[in-house]
>>> print(open('final-v8.txt').read())   # compact mmCIF, C-alpha atoms (C1' of nucleotides)
# COMPACT_ATOMS: atom_id res chain seq x y z
CA MET A 278 0.00 0.00 0.00
CA SER A 279 1.42 3.34 -1.06
CA PRO A 280 1.42 6.35 1.29
CA GLU A 281 -1.11 8.08 -0.94
CA ILE A 282 -3.59 5.21 -0.73
CA ILE A 283 -3.04 4.95 3.01
CA GLU A 284 -3.81 8.65 3.33
CA LEU A 285 -7.04 8.27 1.36
CA VAL A 286 -8.18 5.23 3.32
CA ALA A 287 -7.39 6.96 6.61
CA GLY A 288 -9.50 9.90 5.45
CA ARG A 289 -12.42 7.57 4.85
CA PHE A 290 -12.12 6.08 8.30
CA ARG A 291 -11.86 9.57 9.76
CA ALA A 292 -15.19 10.52 8.19
CA LEU A 293 -16.83 7.66 10.12
CA ALA A 294 -14.88 8.25 13.33
CA GLU A 295 -17.45 10.64 14.72
CA PRO A 296 -20.58 9.55 16.65
CA ALA A 297 -22.58 12.48 15.30
CA ARG A 298 -21.86 11.43 11.73
CA LEU A 299 -22.63 7.78 12.40
CA HIS A 300 -25.90 8.92 13.94
CA LEU A 301 -26.78 10.83 10.78
CA MET A 302 -25.85 7.85 8.63
CA ASN A 303 -28.06 5.67 10.78
CA LEU A 304 -31.00 8.03 10.31
CA LEU A 305 -30.40 8.05 6.56
CA ARG A 306 -30.43 4.27 6.54
CA SER A 307 -34.18 4.14 6.07
CA GLU A 308 -34.88 7.12 3.81
CA GLU A 309 -33.53 10.39 2.46
CA TYR A 310 -33.75 13.50 4.62
CA THR A 311 -33.38 17.25 4.26
CA VAL A 312 -30.79 19.02 6.37
CA SER A 313 -33.37 20.60 8.64
CA ASP A 314 -35.24 17.32 9.11
CA LEU A 315 -31.97 15.65 10.07
CA ALA A 316 -31.36 18.51 12.50
CA ASP A 317 -34.78 17.99 14.06
CA ALA A 318 -34.39 14.21 14.21
CA SER A 319 -30.92 14.32 15.71
CA GLY A 320 -31.25 17.34 17.95
CA MET A 321 -28.24 19.06 16.36
CA SER A 322 -28.19 22.55 14.88
CA THR A 323 -28.71 22.82 11.14
CA ALA A 324 -25.29 24.39 10.74
CA ASN A 325 -23.69 21.50 12.56
CA VAL A 326 -25.61 18.93 10.56
CA SER A 327 -24.66 20.69 7.35
CA LYS A 328 -21.01 20.65 8.34
CA HIS A 329 -21.06 16.93 9.11
CA LEU A 330 -22.86 16.21 5.86
CA GLN A 331 -20.13 18.06 3.99
CA VAL A 332 -17.59 15.68 5.47
CA LEU A 333 -19.68 12.62 4.63
CA HIS A 334 -20.29 13.95 1.13
CA GLY A 335 -16.59 14.64 0.67
CA ALA A 336 -15.91 11.03 1.55
CA ALA A 337 -18.68 9.94 -0.83
CA PHE A 338 -20.70 8.22 1.87
CA VAL A 339 -23.79 10.32 1.09
CA ALA A 340 -25.26 11.81 -2.09
CA ARG A 341 -27.13 15.11 -2.50
CA ARG A 342 -30.22 16.11 -4.41
CA LYS A 343 -31.49 19.68 -4.58
CA GLU A 344 -35.18 20.34 -4.87
CA GLY A 345 -36.32 23.92 -4.52
CA LEU A 346 -35.35 25.24 -1.13
CA HIS A 347 -34.45 21.81 0.18
CA VAL A 348 -31.41 19.62 -0.15
CA PHE A 349 -32.06 15.93 0.26
CA TYR A 350 -29.27 13.67 1.44
CA ARG A 351 -29.21 9.91 1.07
CA ILE A 352 -26.80 7.03 1.59
CA ALA A 353 -24.51 6.73 -1.42
CA SER A 354 -23.57 3.10 -0.89
CA ASP A 355 -24.44 0.29 1.48
CA ASP A 356 -20.72 -0.26 2.02
CA VAL A 357 -20.95 1.86 5.16
CA PHE A 358 -23.29 -0.56 6.82
CA HIS A 359 -21.10 -3.42 5.75
CA LEU A 360 -18.22 -1.64 7.51
CA CYS A 361 -20.30 -1.09 10.62
CA ASP A 362 -21.40 -4.71 10.62
CA ILE A 363 -17.79 -5.82 10.70
CA MET A 364 -17.06 -3.45 13.57
CA CYS A 365 -20.11 -4.64 15.48
CA GLY A 366 -19.15 -8.25 14.83
CA GLN A 367 -15.80 -7.54 16.40
CA LEU A 368 -17.44 -5.88 19.39
CA ASP A 369 -19.64 -8.94 19.86
CA ALA A 370 -16.66 -11.28 19.60
CA GLU A 371 -14.80 -9.30 22.24
CA ALA A 372 -17.78 -9.20 24.56
CA GLU A 373 -18.06 -12.95 24.14
CA ALA A 374 -14.36 -13.45 24.86
CA ARG A 375 -14.63 -11.25 27.93
CA ARG A 376 -17.58 -13.28 29.09
CA ARG A 377 -15.57 -16.47 28.65
CA VAL A 378 -12.66 -15.10 30.67
CA LEU A 379 -14.98 -14.01 33.47
CA GLY A 380 -16.42 -17.49 33.63
CA ARG A 381 -19.65 -17.13 31.65
CA ARG A 382 -21.19 -14.92 34.30
CA THR A 383 -23.69 -13.46 31.85
CA MET B 237 -28.29 1.50 16.97
CA SER B 238 -28.00 2.82 20.50
CA PRO B 239 -25.78 5.82 21.30
CA GLU B 240 -23.44 3.54 23.27
CA ILE B 241 -22.89 1.23 20.31
CA ILE B 242 -22.43 4.20 18.01
CA GLU B 243 -19.79 5.56 20.37
CA LEU B 244 -17.93 2.23 20.38
CA VAL B 245 -18.05 1.86 16.61
CA ALA B 246 -16.87 5.44 16.13
CA GLY B 247 -13.96 4.68 18.44
CA ARG B 248 -12.99 1.76 16.24
CA PHE B 249 -13.05 3.88 13.14
CA ARG B 250 -11.04 6.54 14.94
CA ALA B 251 -8.30 4.02 15.67
CA LEU B 252 -7.95 3.42 11.93
CA ALA B 253 -8.32 7.07 10.96
CA GLU B 254 -4.60 7.75 11.19
CA PRO B 255 -2.12 7.11 8.33
CA ALA B 256 0.65 6.27 10.78
CA ARG B 257 -1.45 3.55 12.36
CA LEU B 258 -2.56 2.13 9.01
CA HIS B 259 1.09 2.04 8.03
CA LEU B 260 1.94 0.00 11.13
CA MET B 261 -0.97 -2.34 10.46
CA ASN B 262 0.27 -2.79 6.92
CA LEU B 263 3.74 -3.70 8.16
CA LEU B 264 2.25 -6.19 10.61
CA ARG B 265 0.29 -7.77 7.80
CA SER B 266 3.13 -10.14 6.93
CA GLU B 267 4.62 -10.96 10.33
CA GLU B 268 4.87 -9.92 13.96
CA TYR B 269 7.26 -7.13 14.91
CA THR B 270 8.83 -5.68 18.04
CA VAL B 271 8.24 -2.01 18.78
CA SER B 272 11.77 -1.01 17.86
CA ASP B 273 11.68 -2.98 14.62
CA LEU B 274 8.45 -1.25 13.71
CA ALA B 275 10.11 2.06 14.53
CA ASP B 276 13.04 1.24 12.24
CA ALA B 277 10.79 -0.02 9.44
CA SER B 278 8.45 2.96 9.59
CA GLY B 279 10.91 5.72 10.39
CA MET B 280 8.95 6.81 13.47
CA SER B 281 10.33 7.17 16.98
CA THR B 282 9.86 4.21 19.31
CA ALA B 283 7.82 6.34 21.69
CA ASN B 284 5.52 7.35 18.88
CA VAL B 285 5.15 3.78 17.63
CA SER B 286 4.43 2.61 21.16
CA LYS B 287 1.73 5.25 21.53
CA HIS B 288 0.04 4.27 18.27
CA LEU B 289 0.22 0.59 19.20
CA GLN B 290 -1.55 1.39 22.48
CA VAL B 291 -4.42 2.84 20.50
CA LEU B 292 -4.56 -0.13 18.14
CA HIS B 293 -4.35 -2.53 21.06
CA GLY B 294 -7.08 -0.65 22.91
CA ALA B 295 -9.28 -1.13 19.86
CA ALA B 296 -8.28 -4.81 19.72
CA PHE B 297 -6.79 -4.55 16.25
CA VAL B 298 -3.42 -5.88 17.42
CA ALA B 299 -2.34 -8.41 20.05
CA ARG B 300 0.80 -8.31 22.25
CA ARG B 301 3.29 -10.95 23.33
CA LYS B 302 6.12 -10.21 25.75
CA GLU B 303 9.36 -12.10 25.41
CA GLY B 304 12.22 -10.90 27.59
CA LEU B 305 13.07 -7.34 26.76
CA HIS B 306 10.92 -7.31 23.65
CA VAL B 307 7.23 -6.91 23.03
CA PHE B 308 5.96 -8.49 19.85
CA TYR B 309 2.86 -7.10 18.20
CA ARG B 310 0.74 -8.90 15.64
CA ILE B 311 -2.56 -8.43 13.85
CA ALA B 312 -5.41 -9.61 16.08
CA SER B 313 -7.91 -10.20 13.32
CA ASP B 314 -8.03 -10.04 9.55
CA ASP B 315 -11.16 -7.93 9.82
CA VAL B 316 -9.02 -4.82 9.44
CA PHE B 317 -7.93 -5.79 5.99
CA HIS B 318 -11.49 -6.62 5.10
CA LEU B 319 -12.39 -3.08 6.17
CA CYS B 320 -9.56 -1.61 4.11
CA ASP B 321 -10.57 -3.69 1.11
CA ILE B 322 -14.04 -2.20 1.22
CA MET B 323 -12.58 1.31 1.47
CA CYS B 324 -10.22 0.65 -1.42
CA GLY B 325 -13.05 -0.83 -3.47
CA GLN B 326 -14.97 2.39 -2.96
CA LEU B 327 -11.96 4.45 -3.99
CA ASP B 328 -11.64 2.39 -7.15
CA ALA B 329 -15.33 2.77 -7.92
CA GLU B 330 -15.08 6.53 -7.54
CA ALA B 331 -12.00 6.75 -9.69
CA GLU B 332 -13.84 4.73 -12.32
CA ALA B 333 -16.90 6.98 -12.10
CA ARG B 334 -14.69 10.06 -12.41
CA ARG B 335 -13.06 8.54 -15.45
CA ARG B 336 -16.45 7.91 -17.00
CA VAL B 337 -17.55 11.49 -16.42
CA LEU B 338 -14.36 12.81 -17.96
CA GLY B 339 -14.97 10.73 -21.05
CA ARG B 340 -12.75 7.71 -20.48
CA ARG B 341 -9.61 9.75 -20.85
CA THR B 342 -7.51 7.19 -18.99
C1' DT C 32 25.12 -5.89 42.50
C1' DT C 33 25.68 -2.53 38.23
C1' DC C 34 25.12 -1.51 33.37
C1' DG C 35 22.70 -1.29 29.10
C1' DT C 36 18.60 -1.90 26.33
C1' DA C 37 13.47 -2.18 25.12
C1' DA C 38 9.18 -0.37 26.02
C1' DT C 39 6.09 2.62 28.39
C1' DC C 40 4.73 6.78 30.67
C1' DA C 41 4.26 11.81 31.57
C1' DA C 42 4.52 16.46 30.35
C1' DC C 43 4.45 19.54 26.87
C1' DC C 44 3.52 21.93 22.20
C1' DA C 45 1.43 22.58 17.74
C1' DA C 46 -2.14 21.36 14.75
C1' DT C 47 -6.63 19.65 13.99
C1' DT C 48 -11.52 19.55 14.78
C1' DG C 49 -16.46 19.57 16.76
C1' DG C 50 -19.74 23.00 17.86
C1' DT C 51 -21.64 27.71 18.01
C1' DT C 52 -22.74 32.18 16.12
C1' DG C 53 -23.42 35.36 12.61
C1' DT C 54 -23.56 36.23 7.75
C1' DG C 55 -24.48 35.36 2.90
C1' DC C 56 -26.66 33.05 -0.88
C1' DA C 57 -30.44 30.64 -3.43
C1' DG C 58 -35.08 29.79 -4.03
C1' DT C 59 -40.20 30.59 -3.07
C1' DA C 60 -44.25 33.32 -2.20
C1' DA C 61 -46.56 37.48 -1.90
C1' DT D 257 -39.78 44.39 -5.83
C1' DT D 258 -39.77 42.67 -0.58
C1' DA D 259 -39.99 39.17 2.90
C1' DC D 260 -39.16 34.64 4.44
C1' DT D 261 -36.91 30.03 4.52
C1' DG D 262 -33.30 26.37 3.91
C1' DC D 263 -28.66 25.60 3.43
C1' DA D 264 -23.83 26.74 3.26
C1' DC D 265 -19.97 29.45 4.64
C1' DA D 266 -16.65 31.94 7.73
C1' DA D 267 -14.81 33.18 12.01
C1' DC D 268 -14.13 31.89 16.40
C1' DC D 269 -13.46 28.95 20.77
C1' DA D 270 -12.68 24.84 23.44
C1' DA D 271 -11.27 20.23 23.39
C1' DT D 272 -8.76 16.60 21.36
C1' DT D 273 -4.66 14.58 19.48
C1' DG D 274 -0.14 13.47 16.90
C1' DG D 275 4.58 13.99 17.88
C1' DT D 276 8.67 15.10 20.70
C1' DT D 277 11.41 14.97 24.86
C1' DG D 278 12.87 13.24 29.15
C1' DA D 279 12.04 10.17 33.02
C1' DT D 280 10.76 5.50 34.50
C1' DT D 281 10.02 0.65 34.55
C1' DA D 282 11.26 -4.18 33.27
C1' DC D 283 14.41 -7.40 31.88
C1' DG D 284 18.96 -9.64 30.59
C1' DA D 285 24.08 -9.63 30.77
C1' DA D 286 28.24 -9.16 33.13
>>> encode(input="final-v8.txt", output="structure tokens")
Amino acid sequence: MSPEIIELVAGRFRALAEPARLHLMNLLRSEEYTVSDLADASGMSTANVSKHLQVLHGAAFVARRKEGLHVFYRIASDDVFHLCDIMCGQLDAEAEARRRVLGRRT
Amino acid sequence: MSPEIIELVAGRFRALAEPARLHLMNLLRSEEYTVSDLADASGMSTANVSKHLQVLHGAAFVARRKEGLHVFYRIASDDVFHLCDIMCGQLDAEAEARRRVLGRRT
DNA sequence: TTCGTAATCAACCAATTGGTTGTGCAGTAA
DNA sequence: TTACTGCACAACCAATTGGTTGATTACGAA
């Protein structure tokens, strides 16, 4: 892996390294949203949501669609959820291992 | 997805969101290394390598083995490379799309 | 024991970044 | 035109973090 590729991949991971952004992605999982609807649904300010969406859009995790006054955002690719599934799988495996070490107390 | 899970997953992504750490993971891909060997191979200071390895170990991406004066680190799970493959696949797809838009100039 | 080496830790600095606030820019309706 | 709304942008602040430096711990050799 060349340094350039590593830099790009790291940038992708960085875009998903923020709970607020993962939260937005999770909301977008079911349907497309406008910025203000995402702000309402998440409890963040519209400016903050817009900023996070810029990052996600820059990393090509979401796509935009303008319609009149509104901008609709949607998931660009299901790869994100695939990535999250792997992470969650790991978390489960570790929890299981921890349980084993502690003597199956759960 | 609960906020707690989101926080954990974001932490995992954050551990991989650093070029230096991806570089170390890439070196470890082939075999296990000591901290100082990783420092030599990567050109970083041992203290810096140690710090990054703490982060990777905290996220369970690498495992440790002490042997005398040395501490050997190794990849804990191939999931990381699976994650990187997905990221790289996305990068390729985007490059391809960009090429298409530009009229197959490459 | 003492000496030297490998790894970690702690303190510090510079750079990055999440969030807020205020402003500006499109687009709609009147 | 004017007024209002949705989104993006810019400036700013506080918190985080990558990297360095120096001290400390753990282990083996003499």
>>> residues_around(input="final-v8.txt", residues="Arg298 (chain A)", least_positions_apart="2", cutoff="9 Å", atoms="all atoms listed in the file", output="PyMOL selection string")
(chain A and resi 292-296+300-303+326+329-330+332-333) or (chain B and resi 246)
>>> write_last_selection(input="final-v8.txt", atoms="C-alpha atoms", output="PDB file, keeping the file's coordinate frame")
ATOM      1  CA  ALA A 292     -15.190  10.520   8.190  1.00  0.00           C
ATOM      2  CA  LEU A 293     -16.830   7.660  10.120  1.00  0.00           C
ATOM      3  CA  ALA A 294     -14.880   8.250  13.330  1.00  0.00           C
ATOM      4  CA  GLU A 295     -17.450  10.640  14.720  1.00  0.00           C
ATOM      5  CA  PRO A 296     -20.580   9.550  16.650  1.00  0.00           C
ATOM      6  CA  HIS A 300     -25.900   8.920  13.940  1.00  0.00           C
ATOM      7  CA  LEU A 301     -26.780  10.830  10.780  1.00  0.00           C
ATOM      8  CA  MET A 302     -25.850   7.850   8.630  1.00  0.00           C
ATOM      9  CA  ASN A 303     -28.060   5.670  10.780  1.00  0.00           C
ATOM     10  CA  VAL A 326     -25.610  18.930  10.560  1.00  0.00           C
ATOM     11  CA  HIS A 329     -21.060  16.930   9.110  1.00  0.00           C
ATOM     12  CA  LEU A 330     -22.860  16.210   5.860  1.00  0.00           C
ATOM     13  CA  VAL A 332     -17.590  15.680   5.470  1.00  0.00           C
ATOM     14  CA  LEU A 333     -19.680  12.620   4.630  1.00  0.00           C
TER      15      LEU A 333
ATOM     16  CA  ALA B 246     -16.870   5.440  16.130  1.00  0.00           C
TER      17      ALA B 246
END
>>> interface_residues(input="final-v8.txt", of="chain D", to="chain B", cutoff="9 Å", atoms="only C-alpha atoms (C1' of nucleotides)", output="mmCIF file with C-alpha atoms (C1' of nucleotides), keeping the file's coordinate frame")
data_model
loop_
_atom_site.group_PDB
_atom_site.id
_atom_site.type_symbol
_atom_site.label_atom_id
_atom_site.label_comp_id
_atom_site.auth_asym_id
_atom_site.auth_seq_id
_atom_site.Cartn_x
_atom_site.Cartn_y
_atom_site.Cartn_z
ATOM 1 C "C1'" DG D 274 -0.140 13.470 16.900
ATOM 2 C "C1'" DG D 275 4.580 13.990 17.880
ATOM 3 C "C1'" DT D 276 8.670 15.100 20.700
ATOM 4 C "C1'" DA D 282 11.260 -4.180 33.270
ATOM 5 C "C1'" DC D 283 14.410 -7.400 31.880
ATOM 6 C "C1'" DG D 284 18.960 -9.640 30.590
#
>>> residues_around(input="final-v8.txt", residues="Ala295 (chain B)", least_positions_apart="6", cutoff="12 Å", atoms="all atoms listed in the file", output="number ranges by chain")
A: 364, 367-368, 371; B: 244-252, 257, 288-289, 311-313, 316
>>> residues_around(input="final-v8.txt", residues="DA285 (chain D)", least_positions_apart="3", cutoff="12 Å", atoms="only C-alpha atoms (C1' of nucleotides)", output="list of chain:residue names")
B:Leu305, C:DT33, C:DC34, C:DG35, C:DT36
>>> atom_distance(input="final-v8.txt", atom1="CA of Thr270 (chain B)", atom2="CA of Phe308 (chain B)")
4.4 Å
>>> interface_residues(input="final-v8.txt", of="chain C", to="chain A", cutoff="10 Å", atoms="only C-alpha atoms (C1' of nucleotides)", output="list in words")
DG49, DG50, DT51, DT52, DA57, DG58 and DT59 of chain C
>>> closest_residue(input="final-v8.txt", among="B:Asp276, B:Asp321, B:Glu332, B:Glu268", to="chain A", atoms="only C-alpha atoms")
B:Asp321
>>> atom_distance(input="final-v8.txt", atom1="CA of Asp273 (chain B)", atom2="CA of Phe297 (chain B)")
18.6 Å
>>> closest_residue(input="final-v8.txt", among="A:His359, A:His334, A:Arg377, A:Lys343", to="chain B", atoms="all atoms listed in the file")
A:His359
>>> closest_residue(input="final-v8.txt", among="A:Ser319, A:Leu360, A:Glu308, A:Val348", to="chain B", atoms="all atoms listed in the file")
A:Leu360
